[in-house]
file upload-v5.txt (compact mmCIF, C-alpha atoms and all ligand atoms)
# COMPACT_ATOMS: atom_id res chain seq x y z
CA MET K 1 0.00 0.00 0.00
CA ARG K 2 1.16 3.50 -0.77
CA ILE K 3 -0.41 6.65 0.61
CA ILE K 4 1.05 9.92 -0.60
CA ALA K 5 0.82 12.74 1.95
CA LEU K 6 1.33 16.12 0.31
CA VAL K 7 2.26 18.20 3.35
CA CYS K 8 2.93 21.92 3.59
CA SER K 9 6.26 23.07 5.00
CA PHE K 10 4.59 24.56 8.03
CA CYS K 11 1.95 22.68 10.04
CA GLY K 12 1.67 19.78 7.59
CA TYR K 13 5.28 18.74 7.83
CA ALA K 14 5.60 19.74 11.47
CA SER K 15 2.59 17.63 12.47
CA ALA K 16 4.11 14.60 10.74
CA ASP K 17 7.36 15.32 12.55
CA MET K 18 5.52 15.80 15.84
CA ALA K 19 3.82 12.44 15.36
CA GLY K 20 7.27 10.88 15.34
CA VAL K 21 8.64 12.99 18.18
CA THR K 22 5.71 12.09 20.42
CA GLY K 23 5.96 8.41 19.55
CA GLN K 24 2.64 8.07 17.74
CA SER K 25 2.41 4.96 15.65
CA TYR K 26 0.94 5.22 12.17
CA PRO K 27 0.97 3.04 9.04
CA ALA K 28 4.35 2.81 7.33
CA SER K 29 2.61 2.98 3.95
CA VAL K 30 2.55 6.78 4.05
CA VAL K 31 5.11 8.76 2.04
CA PRO K 32 5.16 12.42 3.05
CA VAL K 33 6.04 14.80 0.21
CA ARG K 34 6.86 18.27 1.40
CA MET K 35 5.65 21.27 -0.55
CA PRO K 36 6.14 24.97 0.28
CA CYS K 37 2.46 25.53 1.00
CA THR K 38 -0.64 23.54 0.10
CA GLY K 39 -1.54 26.62 -1.97
CA ARG K 40 1.00 25.26 -4.47
CA LEU K 41 -1.12 22.14 -4.88
CA ASP K 42 -2.31 21.55 -8.41
CA VAL K 43 -4.90 19.00 -9.46
CA SER K 44 -2.27 17.43 -11.69
CA HIS K 45 -0.13 16.61 -8.61
CA ILE K 46 -2.96 14.48 -7.26
CA LEU K 47 -3.58 12.82 -10.63
CA SER K 48 0.09 12.08 -11.15
CA ALA K 49 0.36 10.54 -7.67
CA PHE K 50 -2.35 8.06 -8.68
CA ARG K 51 -0.75 7.49 -12.03
CA ASN K 52 2.49 6.65 -10.29
CA GLY K 53 0.86 4.01 -8.16
CA ALA K 54 -0.63 5.77 -5.14
CA ASP K 55 -3.60 4.06 -3.49
CA ALA K 56 -4.65 7.26 -1.77
CA VAL K 57 -3.54 10.89 -1.55
CA MET K 58 -3.84 13.07 1.50
CA VAL K 59 -3.17 16.79 1.51
CA VAL K 60 -2.17 18.23 4.87
CA GLY K 61 -2.20 21.96 5.48
CA CYS K 62 -2.46 24.27 8.48
CA LEU K 63 -5.74 24.89 10.27
CA GLU K 64 -7.98 27.21 8.29
CA GLY K 65 -7.12 30.77 9.23
CA ASN K 66 -3.57 29.72 10.11
CA CYS K 67 -2.01 29.38 6.67
CA ASN K 68 1.40 31.01 6.54
CA TYR K 69 0.39 32.44 3.18
CA GLN K 70 -3.12 33.45 4.29
CA TYR K 71 -5.34 31.13 2.28
CA GLY K 72 -3.20 28.49 0.55
CA ASN K 73 -5.00 25.77 2.49
CA ILE K 74 -8.40 27.07 1.37
CA GLU K 75 -7.24 26.96 -2.24
CA ALA K 76 -5.97 23.43 -1.64
CA ARG K 77 -9.36 22.30 -0.37
CA LYS K 78 -10.91 23.56 -3.60
CA ARG K 79 -8.26 21.76 -5.67
CA VAL K 80 -9.02 18.53 -3.81
CA GLU K 81 -12.71 18.96 -4.63
CA GLN K 82 -11.85 19.65 -8.26
CA ALA K 83 -9.63 16.56 -8.38
CA ARG K 84 -12.49 14.47 -7.02
CA GLY K 85 -14.67 15.59 -9.91
CA ILE K 86 -12.02 14.50 -12.40
CA LEU K 87 -11.35 11.21 -10.60
CA ALA K 88 -15.07 10.46 -10.68
CA GLN K 89 -15.08 10.90 -14.46
CA LEU K 90 -12.21 8.43 -14.65
CA GLY K 91 -14.07 5.94 -12.47
CA ILE K 92 -11.90 6.47 -9.38
CA ASP K 93 -13.56 6.88 -5.98
CA GLY K 94 -13.15 10.46 -4.74
CA GLU K 95 -12.64 9.17 -1.20
CA ARG K 96 -9.13 8.22 -2.21
CA VAL K 97 -8.15 11.85 -1.84
CA GLU K 98 -8.72 13.98 1.24
CA MET K 99 -7.80 17.38 2.62
CA PHE K 100 -6.74 17.61 6.26
CA ASN K 101 -6.10 20.73 8.32
CA ILE K 102 -3.78 19.91 11.19
CA ALA K 103 -1.85 22.18 13.57
CA SER K 104 1.89 21.69 14.03
CA ASN K 105 1.47 20.42 17.60
CA GLN K 106 -1.21 17.85 16.68
CA GLY K 107 1.02 14.90 15.87
CA TRP K 108 -1.71 12.55 17.02
CA ARG K 109 -4.09 13.99 14.44
CA PHE K 110 -1.59 13.36 11.67
CA ALA K 111 -1.34 9.73 12.81
CA GLU K 112 -5.14 9.47 12.86
CA ALA K 113 -5.40 10.96 9.39
CA VAL K 114 -3.00 8.38 7.97
CA LYS K 115 -4.95 5.60 9.67
CA GLU K 116 -8.16 7.02 8.21
CA MET K 117 -6.70 6.89 4.69
CA GLU K 118 -5.34 3.40 5.26
CA GLY K 119 -8.82 2.31 6.31
CA ARG K 120 -10.26 3.75 3.11
CA VAL K 121 -7.74 1.90 0.95
CA LEU K 122 -8.45 -1.36 2.77
CA ARG K 123 -12.15 -0.79 2.08
CA LEU K 124 -11.82 0.41 -1.55
CA GLY K 125 -9.01 -1.91 -2.61
CA PRO K 126 -5.81 -1.03 -4.44
CA GLY K 127 -5.45 2.23 -6.36
CA PRO K 128 -6.20 2.67 -10.07
CA VAL K 129 -2.68 1.94 -11.37
CA ARG K 130 -0.39 -0.79 -10.02
CA ARG K 131 3.32 -0.03 -10.26
CA MET J 132 -13.10 37.88 -24.48
CA ILE J 133 -14.27 34.48 -25.56
CA ILE J 134 -15.87 32.31 -22.89
CA ALA J 135 -15.57 28.55 -23.07
CA GLU J 136 -15.60 25.54 -20.79
CA GLN J 137 -13.97 22.15 -20.98
CA LYS J 138 -15.81 19.17 -22.35
CA GLY J 139 -16.31 16.32 -19.92
CA ILE J 140 -13.38 13.92 -19.82
CA GLU J 141 -15.63 10.96 -20.62
CA GLU J 142 -16.79 12.65 -23.82
CA LEU J 143 -13.20 13.44 -24.77
CA ILE J 144 -12.10 9.88 -24.13
CA GLY J 145 -14.82 8.77 -26.54
CA ILE J 146 -13.67 11.26 -29.17
CA LEU J 147 -10.07 10.04 -28.82
CA GLU J 148 -10.93 6.42 -29.53
CA GLY J 149 -8.50 5.00 -32.06
CA HIS J 150 -5.83 7.65 -31.50
CA LYS J 151 -2.48 7.08 -29.84
CA ASP J 152 -0.10 10.00 -30.25
CA ILE J 153 -1.95 12.94 -28.86
CA LEU J 154 -0.94 16.58 -28.46
CA VAL J 155 -2.94 18.74 -26.05
CA VAL J 156 -2.77 22.37 -27.17
CA GLY J 157 -3.84 25.25 -24.96
CA CYS J 158 -4.00 28.99 -25.44
CA ARG J 159 -2.82 31.67 -23.04
CA SER J 160 -5.44 34.22 -24.08
CA CYS J 161 -9.21 34.25 -23.38
CA VAL J 162 -9.57 30.59 -22.49
CA ALA J 163 -6.78 30.91 -19.93
CA ILE J 164 -8.66 33.78 -18.29
CA CYS J 165 -11.85 31.71 -18.06
CA LEU J 166 -9.79 28.78 -16.71
CA ALA J 167 -10.76 26.43 -19.51
CA GLY J 168 -7.70 26.07 -21.72
CA GLY J 169 -4.63 27.77 -20.27
CA GLU J 170 -1.38 26.14 -19.30
CA LYS J 171 -2.75 24.80 -16.02
CA GLU J 172 -5.82 23.26 -17.60
CA VAL J 173 -3.67 21.71 -20.31
CA GLY J 174 -1.53 20.13 -17.57
CA VAL J 175 -4.49 18.78 -15.65
CA LEU J 176 -6.28 17.36 -18.69
CA SER J 177 -3.08 15.79 -20.02
CA GLU J 178 -2.42 14.14 -16.67
CA ALA J 179 -6.02 12.91 -16.45
CA LEU J 180 -5.75 11.37 -19.91
CA ARG J 181 -2.43 9.74 -19.03
CA LEU J 182 -3.99 8.30 -15.91
CA HIS J 183 -6.90 6.93 -17.94
CA SER J 184 -4.50 5.48 -20.49
CA ASP J 185 -2.45 3.77 -17.77
CA MET J 186 -5.58 2.42 -16.09
CA ARG J 187 -6.83 0.90 -19.33
CA SER J 188 -3.41 0.06 -20.82
CA LYS J 189 -4.18 2.18 -23.86
CA GLY J 190 -0.58 3.20 -24.42
CA TRP J 191 -1.50 6.77 -25.24
CA ASN J 192 1.44 9.06 -25.74
CA ILE J 193 0.33 12.47 -24.57
CA SER J 194 2.33 15.65 -24.92
CA GLU J 195 1.28 19.16 -24.06
CA VAL J 196 1.94 22.72 -25.16
CA THR J 197 0.29 26.08 -24.62
CA LEU J 198 0.38 28.71 -27.34
CA GLU J 199 0.40 32.43 -26.73
CA ARG J 200 -2.64 32.90 -29.00
CA ALA J 201 -3.93 29.93 -30.96
CA CYS J 202 -6.21 31.96 -33.24
CA GLU J 203 -3.32 33.72 -34.98
CA LYS J 204 -1.32 31.83 -37.55
CA GLU J 205 1.93 33.45 -36.47
CA TRP J 206 1.59 31.87 -33.03
CA ALA J 207 -0.09 28.66 -34.12
CA TYR J 208 2.82 27.92 -36.46
CA GLU J 209 4.83 27.22 -33.33
CA LEU J 210 3.21 23.78 -33.37
CA ASP J 211 5.12 23.02 -36.55
CA GLN J 212 7.61 20.58 -35.01
CA LEU J 213 5.33 19.40 -32.23
CA VAL J 214 2.54 18.00 -34.39
CA GLU J 215 4.98 15.82 -36.26
CA GLY J 216 4.17 12.17 -35.65
CA LYS J 217 0.96 13.03 -33.80
CA ASP J 218 -2.31 11.53 -34.97
CA CYS J 219 -4.53 13.85 -32.96
CA VAL J 220 -4.51 17.34 -31.48
CA ILE J 221 -6.91 18.17 -28.65
CA SER J 222 -7.51 21.88 -28.83
CA LEU J 223 -8.05 23.62 -25.52
CA ALA J 224 -8.19 26.84 -27.50
CA CYS J 225 -11.60 28.19 -28.43
CA GLY J 226 -13.37 27.02 -31.57
CA VAL J 227 -11.53 29.70 -33.51
CA GLY J 228 -8.12 28.47 -32.40
CA ALA J 229 -9.09 24.87 -33.12
CA GLN J 230 -10.00 25.78 -36.70
CA VAL J 231 -6.85 27.80 -37.27
CA ILE J 232 -4.75 24.85 -36.07
CA GLN J 233 -6.65 22.42 -38.29
CA GLU J 234 -6.20 24.74 -41.26
CA LEU J 235 -2.45 25.02 -40.67
CA PHE J 236 -1.98 21.30 -40.11
CA PRO J 237 -4.51 19.57 -42.37
CA ASP J 238 -2.90 16.13 -41.94
CA VAL J 239 -3.55 15.88 -38.22
CA ARG J 240 -7.03 15.54 -36.79
CA VAL J 241 -7.86 18.44 -34.47
CA VAL J 242 -10.62 17.71 -31.96
CA PRO J 243 -12.27 20.27 -29.65
CA GLY J 244 -11.53 19.93 -25.97
CA LEU J 245 -13.70 22.93 -25.16
CA ASN J 246 -17.25 23.98 -25.72
CA THR J 247 -16.92 27.57 -26.85
CA SER J 248 -19.87 29.58 -25.68
CA ASN J 249 -19.91 33.34 -26.01
CA MET J 250 -18.31 36.77 -25.93
CA GLY J 251 -18.33 37.94 -22.37
CA ALA J 252 -16.39 39.13 -19.38
CA PRO J 253 -15.36 37.82 -15.97
CA GLU J 254 -17.76 39.11 -13.33
CA GLU J 255 -15.48 37.93 -10.55
CA GLN J 256 -12.91 35.16 -10.39
CA GLY J 257 -14.68 32.05 -11.65
CA VAL J 258 -17.85 33.78 -12.90
CA TYR J 259 -18.27 34.76 -16.56
CA ASN J 260 -21.18 36.60 -18.12
CA GLU J 261 -22.14 36.90 -21.75
CA LYS J 262 -22.00 40.51 -22.92
CA CYS J 263 -22.11 40.84 -26.70
CA GLY J 264 -23.86 38.89 -29.42
CA GLY J 265 -21.66 40.18 -32.22
CA CYS J 266 -24.65 41.62 -34.08
CA GLY J 267 -22.45 43.79 -36.29
CA ASP J 268 -24.48 46.96 -35.70
CA CYS J 269 -24.01 48.15 -32.15
CA VAL J 270 -26.80 49.96 -30.27
CA LEU J 271 -25.09 50.37 -26.90
CA HIS J 272 -25.30 54.16 -27.26
CA LEU J 273 -29.09 53.87 -27.06
CA THR J 274 -29.21 51.32 -24.28
CA GLY J 275 -27.04 52.74 -21.53
CA GLY J 276 -24.09 50.53 -22.40
CA ILE J 277 -26.00 47.30 -21.84
CA CYS J 278 -26.48 44.96 -24.76
CA PRO J 279 -30.12 44.06 -25.41
CA ILE J 280 -29.11 41.44 -27.97
CA ALA J 281 -26.94 39.29 -25.75
CA ARG J 282 -28.30 40.11 -22.32
CA CYS J 283 -32.05 40.09 -22.95
CA ALA J 284 -33.32 36.54 -23.34
CA LYS J 285 -35.53 37.66 -26.23
CA SER J 286 -33.07 40.15 -27.69
CA LEU J 287 -35.75 42.80 -27.46
CA LEU J 288 -34.79 46.17 -28.85
CA ASN J 289 -37.67 48.02 -27.20
CA GLY J 290 -38.16 46.22 -23.94
CA PRO J 291 -38.88 45.23 -21.34
CA CYS J 292 -41.34 42.45 -22.03
CA GLY J 293 -44.19 41.63 -19.67
CA GLY J 294 -42.12 39.05 -17.89
CA SER J 295 -39.74 41.50 -16.25
CA GLN J 296 -40.27 41.26 -12.51
CA GLU J 297 -38.43 43.13 -9.81
CA GLY J 298 -35.40 43.48 -11.96
CA LYS J 299 -35.29 39.81 -12.94
CA CYS J 300 -35.94 38.11 -16.24
CA GLU J 301 -38.80 35.67 -16.51
CA ILE J 302 -36.51 32.89 -17.71
CA ASP J 303 -34.81 32.59 -14.32
CA PRO J 304 -35.09 34.52 -11.04
CA GLU J 305 -31.26 34.59 -10.93
CA VAL J 306 -30.95 36.36 -14.29
CA PRO J 307 -31.19 40.14 -14.29
CA CYS J 308 -33.61 41.65 -16.81
CA ALA J 309 -31.45 43.48 -19.32
CA TRP J 310 -34.11 46.07 -19.90
CA ASP J 311 -34.38 46.78 -16.18
CA GLN J 312 -30.61 47.27 -16.21
CA ILE J 313 -30.85 49.47 -19.29
CA TYR J 314 -33.49 51.63 -17.59
CA HIS J 315 -31.41 52.10 -14.45
CA SER J 316 -28.25 52.78 -16.42
CA LEU J 317 -30.00 55.45 -18.49
CA GLU J 318 -31.42 56.89 -15.27
CA LYS J 319 -27.90 57.20 -13.81
CA LEU J 320 -26.68 58.76 -17.04
CA GLY J 321 -29.55 61.28 -16.97
CA ARG J 322 -30.66 60.02 -20.38
CA LEU J 323 -34.00 58.39 -19.56
CA GLU J 324 -35.49 60.15 -22.61
CA LEU J 325 -33.69 57.48 -24.68
CA MET J 326 -36.26 54.99 -23.38
CA ASP J 327 -38.78 56.86 -25.54
CA VAL J 328 -36.72 56.55 -28.70
CA PRO J 329 -38.02 53.54 -30.56
CA ILE J 330 -35.24 51.41 -31.99
CA PRO J 331 -36.35 50.38 -35.49
CA PRO J 332 -36.40 46.74 -36.56
CA LYS J 333 -32.84 45.58 -36.77
CA ASP J 334 -31.09 44.67 -39.98
CA TRP J 335 -29.63 41.30 -39.12
CA GLY J 336 -27.61 41.27 -42.32
CA PRO J 337 -24.37 42.27 -40.59
CA SER J 338 -24.98 39.56 -37.95
CA ARG J 339 -24.71 35.79 -38.32
CA SER J 340 -27.91 35.76 -40.37
CA GLY J 341 -25.96 37.19 -43.29
CA GLY J 342 -23.66 34.17 -43.37
CA PRO J 343 -20.03 33.98 -42.25
CA ARG J 344 -18.58 37.43 -41.93
CA LYS J 345 -15.39 38.62 -43.47
CA MET J 346 -13.72 41.90 -42.74
CA VAL J 347 -11.11 43.32 -45.05
CA ARG J 348 -8.81 46.21 -44.20
CA SER J 349 -7.25 46.83 -47.56
CA GLU J 350 -4.73 49.34 -46.17
CA ALA J 351 -3.31 46.63 -43.91
CA ILE J 352 -2.87 43.89 -46.47
CA LEU J 353 0.76 43.29 -47.35
CA THR J 354 1.79 43.37 -50.99
CA ASP J 355 3.58 40.38 -52.48
CA GLU J 356 6.75 42.46 -52.41
CA GLN J 357 6.33 43.20 -48.69
CA ASN J 358 5.69 39.54 -47.96
CA ARG J 359 8.87 38.61 -49.74
CA MET J 360 10.83 41.20 -47.77
CA LYS J 361 9.39 39.98 -44.47
CA GLY J 362 9.96 36.37 -45.39
CA GLY J 363 6.76 35.65 -43.51
CA LYS J 364 4.33 32.81 -44.02
CA ARG J 365 0.94 33.46 -45.48
S1 LIG G 401 -25.61 45.68 -29.78
FE1 LIG G 401 -24.60 44.17 -31.10
S2 LIG G 401 -22.45 44.79 -31.24
FE2 LIG G 401 -23.38 45.96 -29.57
S3 LIG G 401 -22.91 44.77 -27.72
FE3 LIG G 401 -24.92 44.06 -28.45
S4 LIG G 401 -24.54 42.34 -29.83
FE4 LIG G 401 -22.59 43.41 -29.48
S1 LIG G 402 -37.65 39.88 -18.72
FE1 LIG G 402 -36.22 41.41 -19.48
S2 LIG G 402 -34.38 40.27 -20.10
FE2 LIG G 402 -36.04 38.79 -19.88
S3 LIG G 402 -36.88 38.58 -21.90
FE3 LIG G 402 -38.12 40.16 -20.88
S4 LIG G 402 -37.13 42.10 -21.37
FE4 LIG G 402 -35.67 40.48 -21.92
call {"tool": "encode", "arguments": {"input": "upload-v5.txt", "output": "C-alpha cells"}}
result
Amino acid sequence: MRIIALVCSFCGYASADMAGVTGQSYPASVVPVRMPCTGRLDVSHILSAFRNGADAVMVVGCLEGNCNYQYGNIEARKRVEQARGILAQLGIDGERVEMFNIASNQGWRFAEAVKEMEGRVLRLGPGPVRR
Amino acid sequence: MIIAEQKGIEELIGILEGHKDILVVGCRSCVAICLAGGEKEVGVLSEALRLHSDMRSKGWNISEVTLERACEKEWAYELDQLVEGKDCVISLACGVGAQVIQELFPDVRVVPGLNTSNMGAPEEQGVYNEKCGGCGDCVLHLTGGICPIARCAKSLLNGPCGGSQEGKCEIDPEVPCAWDQIYHSLEKLGRLELMDVPIPPKDWGPSRSGGPRKMVRSEAILTDEQNRMKGGKR
C-alpha cells in the first residue's frame, strides 16, 4: 500500500514530525512529500500521484485561518474537490483523496489521518494503477 | 473575451478512440482567463488522460503545449515541429483556435476539448457573463451601455417584455432583466429620454444571419513584395 501525503512546509510537515517525536504509531505505507504551502497544490499533482501508483492521496495543510500564506490551504481544499470531480469521471472513488487541516502540535491527528486513509484503501481496494 | 468551458473527460475519451499520439494544445489568451484552456488546464487534462491510459493500458502518448494565441497563424505555427508524428490534437483553445490549427496542419485531426460559448467578461474570479452577441451593428449608445441582444433573453430592442419582474428576467429569477438594467443605467446617465426613442427593426444582415462574416482592411494587407521582404508565411 502507498499513501502519498502532500504536506505543507509549516503545520503539515511539522505535524508529521511531531507524530514521530511524540511516539505516535501510524501506518508505514505513508510517504510524506513536502511542498512549500498547500496553496501550491495543483490538481495534476494528485492525478500524477495516482498514475504513479498511489492508493490514496492526502493533503495536509495548516488549520484554516492559520495558513502562513493566508489562504493556501483554502485553495488546496478547492483543488481537492476539483480533483475528485475528475477522478469520478475516470471511475476512481473520490474518497481516495482527502484534505486535512492539522496544527503543528497535533502529531496525534496526523497519525489518525494516515490511519483514516489506510482504512479507506483497505475498504476500496488497491489504487487505479499498479506499479 | 471568448468564454468557453472544458468538455467532460468521458466525452473526450470517446472522441479520442483509435488515436495514440496525442498533443494537447492550450491557449494563453481568453480561455486561460476563463480557466478552460490555459497552461494549467492543459496540464491537468493531459495528466487525467495519461492516468486513464495507464488504467486501461491504452498506451497513449500524450504531450502538451500552450500557445500564446492559438487563433493567430503566427503563433499557431509554433506547433510546426510538435505536431509531427501526432495523430490527434486536442484543442483547448476556443473554436476559432481549433480551426486555425486544423487549417495550418490539415494532416492531423484536431478535436475540440472545449465547448466555446460566447463573448463575455469575468464578473469575478470564476464567474463569466455573456455581454455581446456580435450583431455587427451596435446599439449600446441607445441602451445605456448594456447589450439588449446578448443580455435580454428575447433580444428585445424596445423592452422590457411583460415578464420582467423586480429586476429579474422571466426565464430565471437569478438572471437580471437586461431592460431593467438598461433603464437604471440610463437613469444614472440622466438620459431616460432614450427609453422613448423607438429602436427600429434591426437589420440582421451584418450579424450571423448574413452568413459567415469577413472583414477586409485593404490598407493593412501586405503586398507580395512586402511579404517577400518579411519572409513571412501566409
Ligand atoms: S448591440 Fe450588437 S455589437 Fe453591440 S454589444 Fe450588443 S450584440 Fe454586441
Ligand atoms: S424579462 Fe427582461 S431580459 Fe427577460 S426577456 Fe423580458 S425584457 Fe428580456
call {"tool": "closest_atom_pairs", "arguments": {"input": "upload-v5.txt", "of": "chain J", "to": "ligand LIG 402 (chain G)", "cutoff": "12 Å", "atoms": "only C-alpha atoms and all ligand atoms", "output": "JSON lines"}}
result
{"residue": "J:Ile277", "atom": "CA", "partner": "G:LIG402", "partner_atom": "S2", "distance": 11.1}
{"residue": "J:Cys278", "atom": "CA", "partner": "G:LIG402", "partner_atom": "S2", "distance": 10.3}
{"residue": "J:Pro279", "atom": "CA", "partner": "G:LIG402", "partner_atom": "FE4", "distance": 7.5}
{"residue": "J:Ile280", "atom": "CA", "partner": "G:LIG402", "partner_atom": "FE4", "distance": 9.0}
{"residue": "J:Ala281", "atom": "CA", "partner": "G:LIG402", "partner_atom": "S2", "distance": 9.4}
{"residue": "J:Arg282", "atom": "CA", "partner": "G:LIG402", "partner_atom": "S2", "distance": 6.5}
{"residue": "J:Cys283", "atom": "CA", "partner": "G:LIG402", "partner_atom": "S2", "distance": 3.7}
{"residue": "J:Ala284", "atom": "CA", "partner": "G:LIG402", "partner_atom": "S3", "distance": 4.3}
{"residue": "J:Lys285", "atom": "CA", "partner": "G:LIG402", "partner_atom": "S3", "distance": 4.6}
{"residue": "J:Ser286", "atom": "CA", "partner": "G:LIG402", "partner_atom": "FE4", "distance": 6.3}
{"residue": "J:Leu287", "atom": "CA", "partner": "G:LIG402", "partner_atom": "FE4", "distance": 6.0}
{"residue": "J:Leu288", "atom": "CA", "partner": "G:LIG402", "partner_atom": "S4", "distance": 8.8}
{"residue": "J:Asn289", "atom": "CA", "partner": "G:LIG402", "partner_atom": "S4", "distance": 8.3}
{"residue": "J:Gly290", "atom": "CA", "partner": "G:LIG402", "partner_atom": "S4", "distance": 5.0}
{"residue": "J:Pro291", "atom": "CA", "partner": "G:LIG402", "partner_atom": "S4", "distance": 3.6}
{"residue": "J:Cys292", "atom": "CA", "partner": "G:LIG402", "partner_atom": "FE3", "distance": 4.1}
{"residue": "J:Gly293", "atom": "CA", "partner": "G:LIG402", "partner_atom": "FE3", "distance": 6.4}
{"residue": "J:Gly294", "atom": "CA", "partner": "G:LIG402", "partner_atom": "S1", "distance": 4.6}
{"residue": "J:Ser295", "atom": "CA", "partner": "G:LIG402", "partner_atom": "S1", "distance": 3.6}
{"residue": "J:Gln296", "atom": "CA", "partner": "G:LIG402", "partner_atom": "S1", "distance": 6.9}
{"residue": "J:Glu297", "atom": "CA", "partner": "G:LIG402", "partner_atom": "S1", "distance": 9.5}
{"residue": "J:Gly298", "atom": "CA", "partner": "G:LIG402", "partner_atom": "FE1", "distance": 7.8}
{"residue": "J:Lys299", "atom": "CA", "partner": "G:LIG402", "partner_atom": "S1", "distance": 6.2}
{"residue": "J:Cys300", "atom": "CA", "partner": "G:LIG402", "partner_atom": "S1", "distance": 3.5}
{"residue": "J:Glu301", "atom": "CA", "partner": "G:LIG402", "partner_atom": "S1", "distance": 4.9}
{"residue": "J:Ile302", "atom": "CA", "partner": "G:LIG402", "partner_atom": "FE2", "distance": 6.3}
{"residue": "J:Asp303", "atom": "CA", "partner": "G:LIG402", "partner_atom": "FE2", "distance": 8.4}
{"residue": "J:Pro304", "atom": "CA", "partner": "G:LIG402", "partner_atom": "S1", "distance": 9.7}
{"residue": "J:Glu305", "atom": "CA", "partner": "G:LIG402", "partner_atom": "FE2", "distance": 11.0}
{"residue": "J:Val306", "atom": "CA", "partner": "G:LIG402", "partner_atom": "S2", "distance": 7.8}
{"residue": "J:Pro307", "atom": "CA", "partner": "G:LIG402", "partner_atom": "S2", "distance": 6.6}
{"residue": "J:Cys308", "atom": "CA", "partner": "G:LIG402", "partner_atom": "S2", "distance": 3.6}
{"residue": "J:Ala309", "atom": "CA", "partner": "G:LIG402", "partner_atom": "S2", "distance": 4.4}
{"residue": "J:Trp310", "atom": "CA", "partner": "G:LIG402", "partner_atom": "FE1", "distance": 5.1}
{"residue": "J:Asp311", "atom": "CA", "partner": "G:LIG402", "partner_atom": "FE1", "distance": 6.6}
{"residue": "J:Gln312", "atom": "CA", "partner": "G:LIG402", "partner_atom": "FE1", "distance": 8.7}
{"residue": "J:Ile313", "atom": "CA", "partner": "G:LIG402", "partner_atom": "FE1", "distance": 9.7}
{"residue": "J:Tyr314", "atom": "CA", "partner": "G:LIG402", "partner_atom": "FE1", "distance": 10.7}
call {"tool": "write_last_selection", "arguments": {"input": "upload-v5.txt", "atoms": "C-alpha atoms", "output": "JSON list (two decimals), in the frame of the given file"}}
result
[["chain", "number", "residue", "atom", "x", "y", "z"],
["J", 277, "ILE", "CA", -26.00, 47.30, -21.84],
["J", 278, "CYS", "CA", -26.48, 44.96, -24.76],
["J", 279, "PRO", "CA", -30.12, 44.06, -25.41],
["J", 280, "ILE", "CA", -29.11, 41.44, -27.97],
["J", 281, "ALA", "CA", -26.94, 39.29, -25.75],
["J", 282, "ARG", "CA", -28.30, 40.11, -22.32],
["J", 283, "CYS", "CA", -32.05, 40.09, -22.95],
["J", 284, "ALA", "CA", -33.32, 36.54, -23.34],
["J", 285, "LYS", "CA", -35.53, 37.66, -26.23],
["J", 286, "SER", "CA", -33.07, 40.15, -27.69],
["J", 287, "LEU", "CA", -35.75, 42.80, -27.46],
["J", 288, "LEU", "CA", -34.79, 46.17, -28.85],
["J", 289, "ASN", "CA", -37.67, 48.02, -27.20],
["J", 290, "GLY", "CA", -38.16, 46.22, -23.94],
["J", 291, "PRO", "CA", -38.88, 45.23, -21.34],
["J", 292, "CYS", "CA", -41.34, 42.45, -22.03],
["J", 293, "GLY", "CA", -44.19, 41.63, -19.67],
["J", 294, "GLY", "CA", -42.12, 39.05, -17.89],
["J", 295, "SER", "CA", -39.74, 41.50, -16.25],
["J", 296, "GLN", "CA", -40.27, 41.26, -12.51],
["J", 297, "GLU", "CA", -38.43, 43.13, -9.81],
["J", 298, "GLY", "CA", -35.40, 43.48, -11.96],
["J", 299, "LYS", "CA", -35.29, 39.81, -12.94],
["J", 300, "CYS", "CA", -35.94, 38.11, -16.24],
["J", 301, "GLU", "CA", -38.80, 35.67, -16.51],
["J", 302, "ILE", "CA", -36.51, 32.89, -17.71],
["J", 303, "ASP", "CA", -34.81, 32.59, -14.32],
["J", 304, "PRO", "CA", -35.09, 34.52, -11.04],
["J", 305, "GLU", "CA", -31.26, 34.59, -10.93],
["J", 306, "VAL", "CA", -30.95, 36.36, -14.29],
["J", 307, "PRO", "CA", -31.19, 40.14, -14.29],
["J", 308, "CYS", "CA", -33.61, 41.65, -16.81],
["J", 309, "ALA", "CA", -31.45, 43.48, -19.32],
["J", 310, "TRP", "CA", -34.11, 46.07, -19.90],
["J", 311, "ASP", "CA", -34.38, 46.78, -16.18],
["J", 312, "GLN", "CA", -30.61, 47.27, -16.21],
["J", 313, "ILE", "CA", -30.85, 49.47, -19.29],
["J", 314, "TYR", "CA", -33.49, 51.63, -17.59]]
call {"tool": "residues_near_ligand", "arguments": {"input": "upload-v5.txt", "ligand": "ligand LIG 401 (chain G)", "cutoff": "7 Å", "atoms": "all atoms listed in the file", "output": "list in words"}}
result
Lys262, Cys263, Gly264, Gly265, Cys266, Gly267, Asp268, Cys269, Val270, Leu271, Cys278, Pro279, Ile280 and Ala281 of chain J
call {"tool": "write_last_selection", "arguments": {"input": "upload-v5.txt", "atoms": "C-alpha atoms", "output": "PDB file, in the frame of the given file"}}
result
ATOM      1  CA  LYS J 262     -22.000  40.510 -22.920  1.00  0.00           C
ATOM      2  CA  CYS J 263     -22.110  40.840 -26.700  1.00  0.00           C
ATOM      3  CA  GLY J 264     -23.860  38.890 -29.420  1.00  0.00           C
ATOM      4  CA  GLY J 265     -21.660  40.180 -32.220  1.00  0.00           C
ATOM      5  CA  CYS J 266     -24.650  41.620 -34.080  1.00  0.00           C
ATOM      6  CA  GLY J 267     -22.450  43.790 -36.290  1.00  0.00           C
ATOM      7  CA  ASP J 268     -24.480  46.960 -35.700  1.00  0.00           C
ATOM      8  CA  CYS J 269     -24.010  48.150 -32.150  1.00  0.00           C
ATOM      9  CA  VAL J 270     -26.800  49.960 -30.270  1.00  0.00           C
ATOM     10  CA  LEU J 271     -25.090  50.370 -26.900  1.00  0.00           C
ATOM     11  CA  CYS J 278     -26.480  44.960 -24.760  1.00  0.00           C
ATOM     12  CA  PRO J 279     -30.120  44.060 -25.410  1.00  0.00           C
ATOM     13  CA  ILE J 280     -29.110  41.440 -27.970  1.00  0.00           C
ATOM     14  CA  ALA J 281     -26.940  39.290 -25.750  1.00  0.00           C
TER      15      ALA J 281
END
call {"tool": "closest_atom_pairs", "arguments": {"input": "upload-v5.txt", "of": "chain J", "to": "chain K", "cutoff": "7 Å", "atoms": "only C-alpha atoms", "output": "Markdown table"}}
result
| residue | atom | partner | partner_atom | distance |
| --- | --- | --- | --- | --- |
| J:Ile140 | CA | K:Gln89 | CA | 6.4 |
| J:Glu141 | CA | K:Gln89 | CA | 6.2 |
| J:Gly174 | CA | K:Ser44 | CA | 6.5 |
| J:Val175 | CA | K:Ser44 | CA | 4.7 |
| J:Glu178 | CA | K:Ser44 | CA | 6.0 |
| J:Ala179 | CA | K:Leu47 | CA | 6.3 |
| J:Leu182 | CA | K:Arg51 | CA | 5.1 |
| J:His183 | CA | K:Leu90 | CA | 6.4 |
| J:Asp185 | CA | K:Val129 | CA | 6.7 |
| J:Met186 | CA | K:Val129 | CA | 5.6 |
